[in-house]
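Participant: Okay, so here is structure_28.cif, and as you'll see once you scroll down, it has mmCIF, C-alpha atoms.
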data_protein
#
loop_
_atom_site.label_atom_id
_atom_site.label_comp_id
_atom_site.auth_asym_id
_atom_site.auth_seq_id
_atom_site.Cartn_x
_atom_site.Cartn_y
_atom_site.Cartn_z
CA MET A 1272 -17.82 -1.12 20.24
CA ARG A 1273 -14.99 -1.60 22.70
CA LEU A 1274 -12.32 1.12 22.71
CA ARG A 1275 -9.03 1.15 24.59
CA VAL A 1276 -7.83 4.72 24.74
CA PHE A 1277 -4.52 6.24 25.78
CA ARG A 1278 -5.27 8.69 28.57
CA PHE A 1279 -2.83 11.25 29.86
CA ASP A 1280 -3.57 14.51 31.59
CA PRO A 1281 -0.35 16.09 32.85
CA ASP A 1282 -2.32 17.94 35.55
CA ARG A 1283 -3.76 14.72 36.97
CA HIS A 1284 -1.64 11.76 35.87
CA ALA A 1285 1.98 11.01 36.64
CA ARG A 1286 1.98 8.41 33.87
CA PRO A 1287 -0.28 7.60 30.94
CA VAL A 1288 -2.88 4.84 31.30
CA MET A 1289 -4.92 2.83 28.83
CA GLN A 1290 -8.62 3.11 29.63
CA ASP A 1291 -11.33 0.79 28.29
CA TYR A 1292 -14.73 2.03 27.15
CA ASP A 1293 -17.84 0.38 25.76
CA VAL A 1294 -19.37 2.78 23.30
CA PRO A 1295 -22.83 2.12 21.84
CA LEU A 1296 -22.83 2.98 18.14
CA GLU A 1297 -25.62 4.14 15.87
CA PRO A 1298 -26.19 2.58 12.43
CA SER A 1299 -24.95 5.80 10.84
CA ASP A 1300 -21.53 5.49 12.51
CA ARG A 1301 -19.01 4.44 9.89
CA MET A 1302 -15.56 5.59 10.93
CA VAL A 1303 -13.34 5.52 14.02
CA LEU A 1304 -13.94 9.25 14.42
CA ASP A 1305 -17.69 8.54 14.75
CA ALA A 1306 -16.90 6.17 17.63
CA LEU A 1307 -14.68 8.83 19.22
CA THR A 1308 -17.48 11.37 18.89
CA ARG A 1309 -19.81 8.97 20.72
CA LEU A 1310 -17.14 8.45 23.35
CA LYS A 1311 -16.74 12.22 23.79
CA ALA A 1312 -20.47 12.42 24.53
CA GLN A 1313 -19.99 9.72 27.16
CA ASP A 1314 -16.79 11.12 28.70
CA ASP A 1315 -16.19 14.74 27.80
CA SER A 1316 -12.72 14.73 29.36
CA ILE A 1317 -11.27 12.79 26.45
CA THR A 1318 -9.22 15.02 24.19
CA TYR A 1319 -8.42 14.66 20.51
CA ARG A 1320 -8.12 16.85 17.44
CA ARG A 1321 -10.50 16.74 14.51
CA SER A 1322 -11.79 19.21 12.00
CA CYS A 1323 -12.90 18.34 8.47
CA ARG A 1324 -13.90 14.72 9.28
CA GLU A 1325 -13.25 13.69 5.69
CA GLY A 1326 -9.50 13.06 5.37
CA VAL A 1327 -8.53 16.50 4.14
CA CYS A 1328 -7.27 18.45 7.16
CA GLY A 1329 -5.13 15.73 8.79
CA SER A 1330 -6.06 16.84 12.31
CA ASP A 1331 -7.15 13.45 13.61
CA ALA A 1332 -4.02 11.46 12.76
CA MET A 1333 -3.47 8.93 15.52
CA ASN A 1334 -2.28 5.42 16.13
CA ILE A 1335 -5.18 3.01 15.60
CA ASN A 1336 -4.53 -0.61 16.52
CA GLY A 1337 -0.79 -0.04 16.20
CA ARG A 1338 -0.85 1.73 12.87
CA ASN A 1339 -0.92 5.45 12.15
CA ALA A 1340 -4.07 6.55 10.34
CA LEU A 1341 -6.72 9.25 10.16
CA ALA A 1342 -9.62 8.40 12.46
CA CYS A 1343 -12.10 10.03 10.07
CA ILE A 1344 -11.34 7.69 7.16
CA THR A 1345 -10.62 4.49 9.08
CA PRO A 1346 -13.73 2.29 8.75
CA LEU A 1347 -15.23 0.65 11.80
CA GLU A 1348 -16.41 -2.28 9.75
CA GLY A 1349 -14.24 -5.32 10.39
CA ILE A 1350 -11.91 -3.46 12.76
CA LYS A 1351 -10.26 -5.58 15.47
CA GLN A 1352 -11.64 -4.96 18.97
CA PRO A 1353 -10.85 -3.50 21.36
CA VAL A 1354 -9.85 -0.66 19.09
CA THR A 1355 -6.66 0.69 20.62
CA LEU A 1356 -6.29 4.43 20.14
CA ALA A 1357 -2.98 6.10 20.99
CA PRO A 1358 -1.36 9.40 20.11
CA LEU A 1359 1.12 9.61 17.23
CA PRO A 1360 4.26 7.70 18.34
CA GLY A 1361 7.45 9.65 18.91
CA PHE A 1362 5.72 13.00 19.42
CA PRO A 1363 5.43 14.65 22.84
CA VAL A 1364 1.92 14.15 24.23
CA ILE A 1365 0.05 17.26 25.33
CA ARG A 1366 -3.05 15.42 26.49
CA ASP A 1367 -4.74 12.12 25.60
CA LEU A 1368 -4.56 11.82 21.80
CA VAL A 1369 -3.25 15.34 21.21
CA VAL A 1370 0.46 15.67 20.44
CA ASP A 1371 2.82 18.62 20.22
CA MET A 1372 3.62 19.15 16.53
CA THR A 1373 5.89 22.20 17.00
CA GLN A 1374 9.05 20.41 15.92
CA PHE A 1375 7.30 18.76 12.99
CA PHE A 1376 6.24 22.16 11.65
CA MET A 1377 9.67 23.66 12.35
CA HIS A 1378 11.10 21.04 9.99
CA TYR A 1379 8.38 21.85 7.49
CA HIS A 1380 9.21 25.57 7.60
CA SER A 1381 12.94 24.82 7.31
CA ILE A 1382 12.51 23.53 3.75
CA LYS A 1383 10.93 26.89 2.72
CA PRO A 1384 7.60 25.51 1.54
CA TYR A 1385 6.84 28.16 -1.06
CA VAL A 1386 7.90 28.94 -4.61
CA MET A 1387 11.04 31.09 -4.65
CA ASN A 1388 11.42 33.09 -7.82
CA ASP A 1389 12.97 36.56 -8.05
CA GLU A 1390 12.27 36.98 -11.74
CA PRO A 1391 9.84 39.80 -12.66
CA LEU A 1392 6.23 38.82 -12.18
CA PRO A 1393 4.41 37.98 -15.39
CA GLU A 1394 1.29 39.93 -16.30
CA ARG A 1395 -1.07 37.19 -15.12
CA GLU A 1396 0.60 34.12 -13.66
CA ARG A 1397 3.60 31.82 -13.94
CA LEU A 1398 2.49 29.17 -16.37
CA GLN A 1399 3.38 25.49 -16.41
CA SER A 1400 3.12 22.97 -19.20
CA PRO A 1401 0.95 19.91 -18.49
CA GLU A 1402 4.18 17.86 -18.22
CA GLU A 1403 5.64 20.27 -15.64
CA ARG A 1404 2.39 20.22 -13.68
CA GLU A 1405 2.33 16.43 -13.81
CA LYS A 1406 5.56 16.31 -11.79
CA LEU A 1407 3.75 17.77 -8.77
CA ASN A 1408 1.31 14.87 -8.63
CA GLY A 1409 2.00 12.56 -5.72
CA LEU A 1410 3.62 15.45 -3.83
CA TYR A 1411 1.22 18.39 -3.55
CA GLU A 1412 -1.53 16.22 -2.02
CA CYS A 1413 0.28 15.93 1.34
CA ILE A 1414 -1.96 17.21 4.15
CA LEU A 1415 0.80 17.34 6.80
CA CYS A 1416 -1.01 14.96 9.14
CA ALA A 1417 2.39 13.62 10.33
CA ALA A 1418 1.28 9.99 10.13
CA CYS A 1419 4.44 9.27 8.11
CA SER A 1420 7.02 11.13 10.21
CA SER A 1421 5.54 9.75 13.41
CA PHE A 1422 5.86 6.18 12.09
CA CYS A 1423 9.45 6.65 10.92
CA PRO A 1424 12.13 5.06 13.18
CA PRO A 1425 14.92 7.42 12.03
CA TYR A 1426 12.62 10.32 12.96
CA TRP A 1427 12.21 8.80 16.44
CA TRP A 1428 16.00 8.57 16.75
CA ASN A 1429 16.81 12.13 15.61
CA PRO A 1430 13.58 14.15 15.70
CA ASP A 1431 15.43 17.42 16.19
CA LYS A 1432 17.76 17.01 13.20
CA PHE A 1433 16.17 14.69 10.65
CA ILE A 1434 13.58 16.57 8.60
CA GLY A 1435 11.47 13.45 8.29
CA PRO A 1436 9.40 12.03 5.44
CA ALA A 1437 6.67 14.69 5.44
CA GLY A 1438 9.11 17.60 5.30
CA LEU A 1439 11.23 15.89 2.66
CA LEU A 1440 8.22 15.09 0.50
CA GLN A 1441 7.32 18.78 0.69
CA ALA A 1442 10.90 19.70 -0.17
CA GLN A 1443 10.71 17.55 -3.30
CA ARG A 1444 7.40 19.20 -4.19
CA PHE A 1445 9.24 22.54 -4.52
CA ILE A 1446 12.43 21.10 -6.01
CA VAL A 1447 10.47 19.77 -9.00
CA ASP A 1448 8.25 22.84 -9.34
CA SER A 1449 9.16 24.40 -12.70
CA ARG A 1450 8.28 27.87 -11.35
CA ASP A 1451 10.80 27.66 -8.54
CA ARG A 1452 14.32 29.04 -9.07
CA ALA A 1453 15.93 27.91 -5.82
CA THR A 1454 16.60 24.25 -6.62
CA SER A 1455 20.32 24.59 -6.06
CA GLU A 1456 19.81 26.33 -2.73
CA ARG A 1457 17.26 23.74 -1.64
CA LEU A 1458 19.56 20.83 -2.54
CA GLU A 1459 22.50 22.47 -0.80
CA PHE A 1460 20.39 22.80 2.35
CA LEU A 1461 19.33 19.15 2.24
CA ASP A 1462 22.81 17.77 1.51
CA ASP A 1463 23.42 16.94 5.13
CA VAL A 1464 24.08 13.78 7.09
CA PHE A 1465 21.14 14.52 9.40
CA LYS A 1466 18.55 16.48 7.43
CA LEU A 1467 18.18 13.99 4.58
CA TYR A 1468 20.54 11.08 4.99
CA ARG A 1469 19.12 9.75 8.25
CA CYS A 1470 16.50 8.09 6.04
CA ARG A 1471 17.19 4.35 6.22
CA THR A 1472 14.52 3.50 3.64
CA VAL A 1473 12.39 1.74 6.25
CA MET A 1474 9.39 2.79 4.11
CA ASN A 1475 6.92 2.96 7.00
CA CYS A 1476 6.08 6.42 5.66
CA THR A 1477 4.81 5.04 2.37
CA GLU A 1478 3.07 2.20 4.18
CA VAL A 1479 0.93 4.46 6.39
CA CYS A 1480 0.34 7.61 4.32
CA PRO A 1481 -3.45 8.07 4.41
CA LYS A 1482 -3.32 9.89 1.07
CA GLY A 1483 -1.48 7.02 -0.64
CA LEU A 1484 1.65 9.10 -1.26
CA SER A 1485 5.22 7.82 -1.20
CA PRO A 1486 7.58 10.00 0.83
CA ALA A 1487 10.22 7.26 0.43
CA ARG A 1488 10.16 7.73 -3.33
CA ALA A 1489 10.33 11.53 -2.94
CA ILE A 1490 13.41 11.10 -0.72
CA GLU A 1491 14.96 8.79 -3.31
CA HIS A 1492 14.37 11.45 -5.99
CA ILE A 1493 16.04 14.11 -3.83
CA LYS A 1494 19.07 11.84 -3.42
CA ILE A 1495 19.22 11.32 -7.18
CA ALA A 1496 18.93 15.08 -7.78
CA LEU A 1497 21.84 15.62 -5.38
CA LEU A 1498 23.96 13.10 -7.26
CA LEU A 1499 23.13 14.60 -10.65
CA ARG A 1500 23.45 18.29 -9.77
CA LYS A 1501 26.24 20.27 -11.28
CA PRO A 1502 28.94 21.53 -8.89
CA ALA A 1503 28.47 25.18 -7.97
CA MET B 1149 34.19 19.92 0.87
CA LYS B 1150 32.86 17.24 3.21
CA PRO B 1151 33.93 13.90 1.69
CA PHE B 1152 32.14 11.78 4.30
CA SER B 1153 28.97 13.81 4.67
CA GLY B 1154 25.75 14.15 2.75
CA HIS B 1155 25.56 12.76 -0.75
CA ARG B 1156 29.32 12.08 -0.99
CA ALA B 1157 29.12 9.60 1.87
CA PHE B 1158 26.00 8.11 0.31
CA LEU B 1159 27.84 7.69 -3.00
CA LEU B 1160 31.06 6.39 -1.39
CA GLN B 1161 29.11 3.78 0.54
CA ARG B 1162 27.52 2.47 -2.64
CA LEU B 1163 30.71 2.58 -4.71
CA SER B 1164 32.64 0.77 -1.99
CA ALA B 1165 29.84 -1.82 -1.85
CA VAL B 1166 30.28 -2.46 -5.58
CA VAL B 1167 34.05 -2.92 -5.09
CA LEU B 1168 33.42 -5.28 -2.17
CA LEU B 1169 30.90 -7.27 -4.16
CA ALA B 1170 33.40 -7.66 -7.01
CA GLY B 1171 36.17 -8.62 -4.55
CA LEU B 1172 33.94 -11.13 -2.79
CA ALA B 1173 32.80 -12.66 -6.09
CA ALA B 1174 36.41 -12.96 -7.32
CA GLY B 1175 37.49 -14.52 -4.01
CA ALA B 1176 34.55 -16.93 -3.97
CA LEU B 1177 35.24 -18.03 -7.54
CA ARG B 1178 38.92 -18.57 -6.69
CA VAL B 1179 38.04 -20.68 -3.65
CA ALA B 1180 35.37 -22.64 -5.50
CA PHE B 1181 37.24 -23.43 -8.69
CA GLY B 1182 40.96 -22.81 -8.01
CA SER B 1183 43.50 -24.99 -6.25
CA PRO B 1184 44.18 -24.28 -2.54
CA VAL B 1185 46.36 -21.21 -2.01
CA THR B 1186 49.46 -21.51 0.18
CA PHE B 1187 50.80 -18.61 2.25
CA ALA B 1188 53.81 -18.35 -0.08
CA GLN B 1189 51.53 -18.07 -3.13
CA TRP B 1190 49.38 -15.45 -1.37
CA GLN B 1191 52.51 -13.49 -0.43
CA ALA B 1192 53.84 -13.69 -3.97
CA TRP B 1193 50.50 -12.52 -5.40
CA SER B 1194 50.31 -9.54 -3.06
CA GLY B 1195 53.88 -8.67 -4.00
CA GLN B 1196 52.92 -8.21 -7.64
CA PRO B 1197 51.74 -4.71 -8.64
CA HIS B 1198 48.27 -5.95 -9.66
CA GLY B 1199 47.93 -8.03 -6.47
CA ALA B 1200 49.06 -5.18 -4.23
CA GLY B 1201 46.75 -2.77 -6.06
CA THR B 1202 43.78 -5.10 -5.72
CA LEU B 1203 44.51 -5.68 -2.05
CA LEU B 1204 44.75 -1.96 -1.38
CA VAL B 1205 41.58 -1.08 -3.31
CA VAL B 1206 39.50 -3.80 -1.62
CA SER B 1207 40.92 -2.97 1.82
CA MET B 1208 40.18 0.73 1.40
CA ALA B 1209 36.67 -0.13 0.20
CA VAL B 1210 36.16 -2.25 3.36
CA LEU B 1211 37.40 0.56 5.61
CA THR B 1212 35.38 3.26 3.83
CA HIS B 1213 32.24 1.14 3.87
CA ALA B 1214 32.77 0.27 7.53
CA TRP B 1215 33.32 3.91 8.54
CA ILE B 1216 30.16 5.18 6.88
CA GLY B 1217 28.07 2.28 8.13
CA ILE B 1218 29.29 2.43 11.73
CA ARG B 1219 29.06 6.24 11.74
CA ASP B 1220 25.43 6.00 10.63
CA VAL B 1221 24.61 3.52 13.40
CA VAL B 1222 26.35 5.75 15.96
CA LEU B 1223 24.47 8.84 14.73
CA ASP B 1224 21.19 6.96 14.96
CA TYR B 1225 21.61 5.41 18.39
CA ILE B 1226 24.16 7.37 20.45
CA HIS B 1227 22.84 10.82 21.28
CA PRO B 1228 25.02 12.28 24.07
CA ILE B 1229 27.44 14.42 22.08
CA ARG B 1230 30.58 13.55 24.07
CA LEU B 1231 29.90 9.82 24.02
CA ARG B 1232 29.10 9.99 20.31
CA PHE B 1233 32.35 11.84 19.63
CA ALA B 1234 34.35 9.36 21.74
CA VAL B 1235 32.86 6.33 19.97
CA LEU B 1236 33.40 7.88 16.54
CA ALA B 1237 36.98 8.82 17.44
CA ALA B 1238 37.68 5.26 18.64
CA VAL B 1239 36.19 3.77 15.47
CA ALA B 1240 38.14 6.21 13.27
CA ALA B 1241 41.38 5.42 15.11
CA GLY B 1242 40.80 1.69 14.72
CA LEU B 1243 40.08 2.00 11.01
CA VAL B 1244 43.12 4.24 10.43
CA LEU B 1245 45.31 1.66 12.20
CA LEU B 1246 43.87 -1.07 10.00
CA ALA B 1247 44.59 1.06 6.92
CA LEU B 1248 48.17 1.59 8.03
CA TRP B 1249 48.57 -2.10 8.73
CA THR B 1250 47.30 -2.92 5.24
CA VAL B 1251 49.78 -0.48 3.70
CA LEU B 1252 52.59 -2.01 5.75
CA ILE B 1253 51.66 -5.53 4.61
CA VAL B 1254 51.68 -4.44 0.97
CA ALA B 1255 54.93 -2.51 1.39
CA HIS B 1256 56.73 -5.48 2.97
CA THR B 1257 55.77 -8.10 0.37
#
Is it possible to express this structure as structure tokens?
Facilitator:
Amino acid sequence: MRLRVFRFDPDRHARPVMQDYDVPLEPSDRMVLDALTRLKAQDDSITYRRSCREGVCGSDAMNINGRNALACITPLEGIKQPVTLAPLPGFPVIRDLVVDMTQFFMHYHSIKPYVMNDEPLPERERLQSPEEREKLNGLYECILCAACSSFCPPYWWNPDKFIGPAGLLQAQRFIVDSRDRATSERLEFLDDVFKLYRCRTVMNCTEVCPKGLSPARAIEHIKIALLLRKPA
Amino acid sequence: MKPFSGHRAFLLQRLSAVVLLAGLAAGALRVAFGSPVTFAQWQAWSGQPHGAGTLLVVSMAVLTHAWIGIRDVVLDYIHPIRLRFAVLAAVAAGLVLLALWTVLIVAHT
């Protein structure tokens, strides 16, 4: 398998370079992450993140042949060679395929990703009807891999101000949560020319989400909620 | 109250687009099926209350739509704060002048 890998070590390189490797695979190797693991055995200087290796943790999000994806669930079978591996676009590179996600998580924290409810705690738990729980489907599954935000042109243009598709999908997850009592506060926070309305409906986010979610639709629902909300 | 920010701008842009679409459709139908319009006829039409009203509404929709659209492009692509402010100020000044000009045209017919 021929790999072309983005290499950048700030201690050694003035500029990034693309380096080619021939990596012998074993029959058991199925995914791009397996090829990277073989490559790591061949050249231990190569740096990337990975953890669960089954599409749950989101650590190994990267740009594979020009498209953001999780290396652990991207099959090697039929993949175009050389397989070009690059860090997530638009994010500062720390080293090789590892990017700095500080700003991404700052946006995530800004939407207050937890249920806010000051009402007295019930004896056991805050219950939801099946219909209320259903509304969380397509939202709660986000693993914060950043494949969407990193593939979003408006996020490239205003990464410090635009919350981005991942953060906005998470915001919608709490806006529609029947147990949350801060909908008005959340919508007020998002009603901003930068935080929400930089979305140009490019829909790259929905195109690349490895979990099959649609941040674009979540953003659309937030905009509708803003239009329908009652004035304070 | 921020009339040109957040969801209000979003709503204004879409409402103005609907007005523009209606204006364009009416204009296209007039050109396609009506007899050619002379300057005197155009002047007479814009002198009528309904003509002046239509002209003002469509013109304001154009200017509103243009402001929000250009502002969005500027916010996306121009990042130095001073340059962004200067470009937005120039665009706003141009659009205000066009609005005044439109009002003058309507007032003098």
Participant: Quick one: of B:Val1205, B:Ile1218, B:Leu1223, B:Ala1173, who's nearest to chain A, counting only C-alpha atoms?
Facilitator: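 Answer, going by the shortest atom-to-atom distance: B:Leu1223.
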Participant: So, with only C-alpha atoms as the atoms that count, which of B:Pro1228, B:Leu1211, B:Phe1158, B:Trp1193 lies closest to Leu1245 of chain B?
Facilitator: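 Selected residue with least distance to Leu1245 of chain B: B:Leu1211.
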Participant: Could you name the residues that touch Ile1490 of chain A at 9 Å or less, counting all atoms listed in the file, but leaving out those on the same chain fewer than 2 positions away, as a PyMOL selection string?
Facilitator: chain A and resi 1436+1439-1440+1442-1443+1467+1470+1472+1485-1488+1492-1495
Participant: Identify every residue of chain A that has at least one atom within 8 Å of any atom of chain B, counting all atoms listed in the file, and report the result as a list of chain:residue names.
Facilitator: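 In the required form, that comes to A:Pro1425, A:Trp1428, A:Asn1429, A:Asp1462, A:Asp1463, A:Val1464, A:Leu1467, A:Tyr1468, A:Arg1469, A:Lys1494, A:Leu1497, A:Leu1498.
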Participant: Within 7 Å of segment 1296-1307 of chain A, which residues of segment 1324-1436 of chain A come that close, and what is the closest atom pair and distance in Å for each? Count all atoms listed in the file and give it as JSON lines.
Facilitator:
{"residue": "A:Ala1342", "atom": "CA", "partner": "A:Leu1304", "partner_atom": "CA", "distance": 4.8}
{"residue": "A:Cys1343", "atom": "CA", "partner": "A:Leu1304", "partner_atom": "CA", "distance": 4.8}
{"residue": "A:Ile1344", "atom": "CA", "partner": "A:Met1302", "partner_atom": "CA", "distance": 6.0}
{"residue": "A:Thr1345", "atom": "CA", "partner": "A:Met1302", "partner_atom": "CA", "distance": 5.4}
{"residue": "A:Pro1346", "atom": "CA", "partner": "A:Met1302", "partner_atom": "CA", "distance": 4.4}
{"residue": "A:Leu1347", "atom": "CA", "partner": "A:Met1302", "partner_atom": "CA", "distance": 5.0}
Participant: For each of A:Ala1357, A:Leu1415, A:Tyr1379, A:Glu1456, take the minimum atom-to-atom distance to Gly1326 of chain A, counting only C-alpha atoms, then give the residue where this is smallest.
Facilitator: A:Leu1415
Participant: Hey, what comes out of the PyMOL selection byres ((chain A and resi 1420) around 9) on this file? Could you write it as a ChimeraX atom specification?
Facilitator: /A:1361,1375,1416-1419,1421-1427,1434-1438,1475-1476
Participant: Those residues you just picked out, can you put them in a file as a short mmCIF file (atom, residue, chain, number, x, y, z; two decimals), keeping the file's coordinate frame with C-alpha atoms?
Facilitator:
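Result written to out.cif:
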data_model
loop_
_atom_site.label_atom_id
_atom_site.label_comp_id
_atom_site.auth_asym_id
_atom_site.auth_seq_id
_atom_site.Cartn_x
_atom_site.Cartn_y
_atom_site.Cartn_z
CA GLY A 1361 7.45 9.65 18.91
CA PHE A 1375 7.30 18.76 12.99
CA CYS A 1416 -1.01 14.96 9.14
CA ALA A 1417 2.39 13.62 10.33
CA ALA A 1418 1.28 9.99 10.13
CA CYS A 1419 4.44 9.27 8.11
CA SER A 1421 5.54 9.75 13.41
CA PHE A 1422 5.86 6.18 12.09
CA CYS A 1423 9.45 6.65 10.92
CA PRO A 1424 12.13 5.06 13.18
CA PRO A 1425 14.92 7.42 12.03
CA TYR A 1426 12.62 10.32 12.96
CA TRP A 1427 12.21 8.80 16.44
CA ILE A 1434 13.58 16.57 8.60
CA GLY A 1435 11.47 13.45 8.29
CA PRO A 1436 9.40 12.03 5.44
CA ALA A 1437 6.67 14.69 5.44
CA GLY A 1438 9.11 17.60 5.30
CA ASN A 1475 6.92 2.96 7.00
CA CYS A 1476 6.08 6.42 5.66
#
Participant: Hey, what's within 12 Å of Asn1336 of chain A if we count all atoms listed in the file and toss same-chain stuff fewer than 3 positions away? As an mmCIF file with C-alpha atoms, keeping the file's coordinate frame, please?
Facilitator:
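As written to disk, part.cif reads:
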data_model
loop_
_atom_site.group_PDB
_atom_site.id
_atom_site.type_symbol
_atom_site.label_atom_id
_atom_site.label_comp_id
_atom_site.auth_asym_id
_atom_site.auth_seq_id
_atom_site.Cartn_x
_atom_site.Cartn_y
_atom_site.Cartn_z
ATOM 1 C CA LEU A 1274 -12.320 1.120 22.710
ATOM 2 C CA ARG A 1275 -9.030 1.150 24.590
ATOM 3 C CA VAL A 1276 -7.830 4.720 24.740
ATOM 4 C CA PHE A 1277 -4.520 6.240 25.780
ATOM 5 C CA VAL A 1303 -13.340 5.520 14.020
ATOM 6 C CA MET A 1333 -3.470 8.930 15.520
ATOM 7 C CA ASN A 1339 -0.920 5.450 12.150
ATOM 8 C CA ALA A 1340 -4.070 6.550 10.340
ATOM 9 C CA LEU A 1341 -6.720 9.250 10.160
ATOM 10 C CA ALA A 1342 -9.620 8.400 12.460
ATOM 11 C CA THR A 1345 -10.620 4.490 9.080
ATOM 12 C CA LEU A 1347 -15.230 0.650 11.800
ATOM 13 C CA ILE A 1350 -11.910 -3.460 12.760
ATOM 14 C CA LYS A 1351 -10.260 -5.580 15.470
ATOM 15 C CA GLN A 1352 -11.640 -4.960 18.970
ATOM 16 C CA PRO A 1353 -10.850 -3.500 21.360
ATOM 17 C CA VAL A 1354 -9.850 -0.660 19.090
ATOM 18 C CA THR A 1355 -6.660 0.690 20.620
ATOM 19 C CA LEU A 1356 -6.290 4.430 20.140
ATOM 20 C CA ALA A 1357 -2.980 6.100 20.990
ATOM 21 C CA PRO A 1358 -1.360 9.400 20.110
ATOM 22 C CA LEU A 1359 1.120 9.610 17.230
#
Participant: Which residues come within 12 Å of Arg1162 of chain B, counting all atoms listed in the file, excluding same-chain residues fewer than 3 positions away, as a short mmCIF file (atom, residue, chain, number, x, y, z; two decimals) with C-alpha atoms, in the coordinates of the input?
Facilitator:
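Here's the written file out_17.cif:
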data_model
loop_
_atom_site.label_atom_id
_atom_site.label_comp_id
_atom_site.auth_asym_id
_atom_site.auth_seq_id
_atom_site.Cartn_x
_atom_site.Cartn_y
_atom_site.Cartn_z
CA HIS B 1155 25.56 12.76 -0.75
CA ARG B 1156 29.32 12.08 -0.99
CA ALA B 1157 29.12 9.60 1.87
CA PHE B 1158 26.00 8.11 0.31
CA LEU B 1159 27.84 7.69 -3.00
CA ALA B 1165 29.84 -1.82 -1.85
CA VAL B 1166 30.28 -2.46 -5.58
CA VAL B 1167 34.05 -2.92 -5.09
CA LEU B 1168 33.42 -5.28 -2.17
CA LEU B 1169 30.90 -7.27 -4.16
CA ALA B 1209 36.67 -0.13 0.20
CA VAL B 1210 36.16 -2.25 3.36
CA THR B 1212 35.38 3.26 3.83
CA HIS B 1213 32.24 1.14 3.87
CA ALA B 1214 32.77 0.27 7.53
CA ILE B 1216 30.16 5.18 6.88
CA GLY B 1217 28.07 2.28 8.13
#
Participant: Can you work out which one of A:Ser1330, A:Arg1366, A:Gly1409, A:Glu1348 has the shortest atom-to-atom distance to Arg1283 of chain A, counting all atoms listed in the file?
Facilitator: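 For Arg1283 of chain A, the nearest of the given residues is A:Arg1366.
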Participant: Could you tell me how far atom CA of Asp1331 of chain A sits from atom CA of Asp1282 of chain A, in Å to one decimal place?
Facilitator: 22.9 Å
Participant: Distance atom CA of Glu1491 of chain A-atom CA of Leu1398 of chain A, one decimal place?
Facilitator: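 Taking atom CA of Glu1491 of chain A as the start and atom CA of Leu1398 of chain A as the end point, the length is 27.2 Å.
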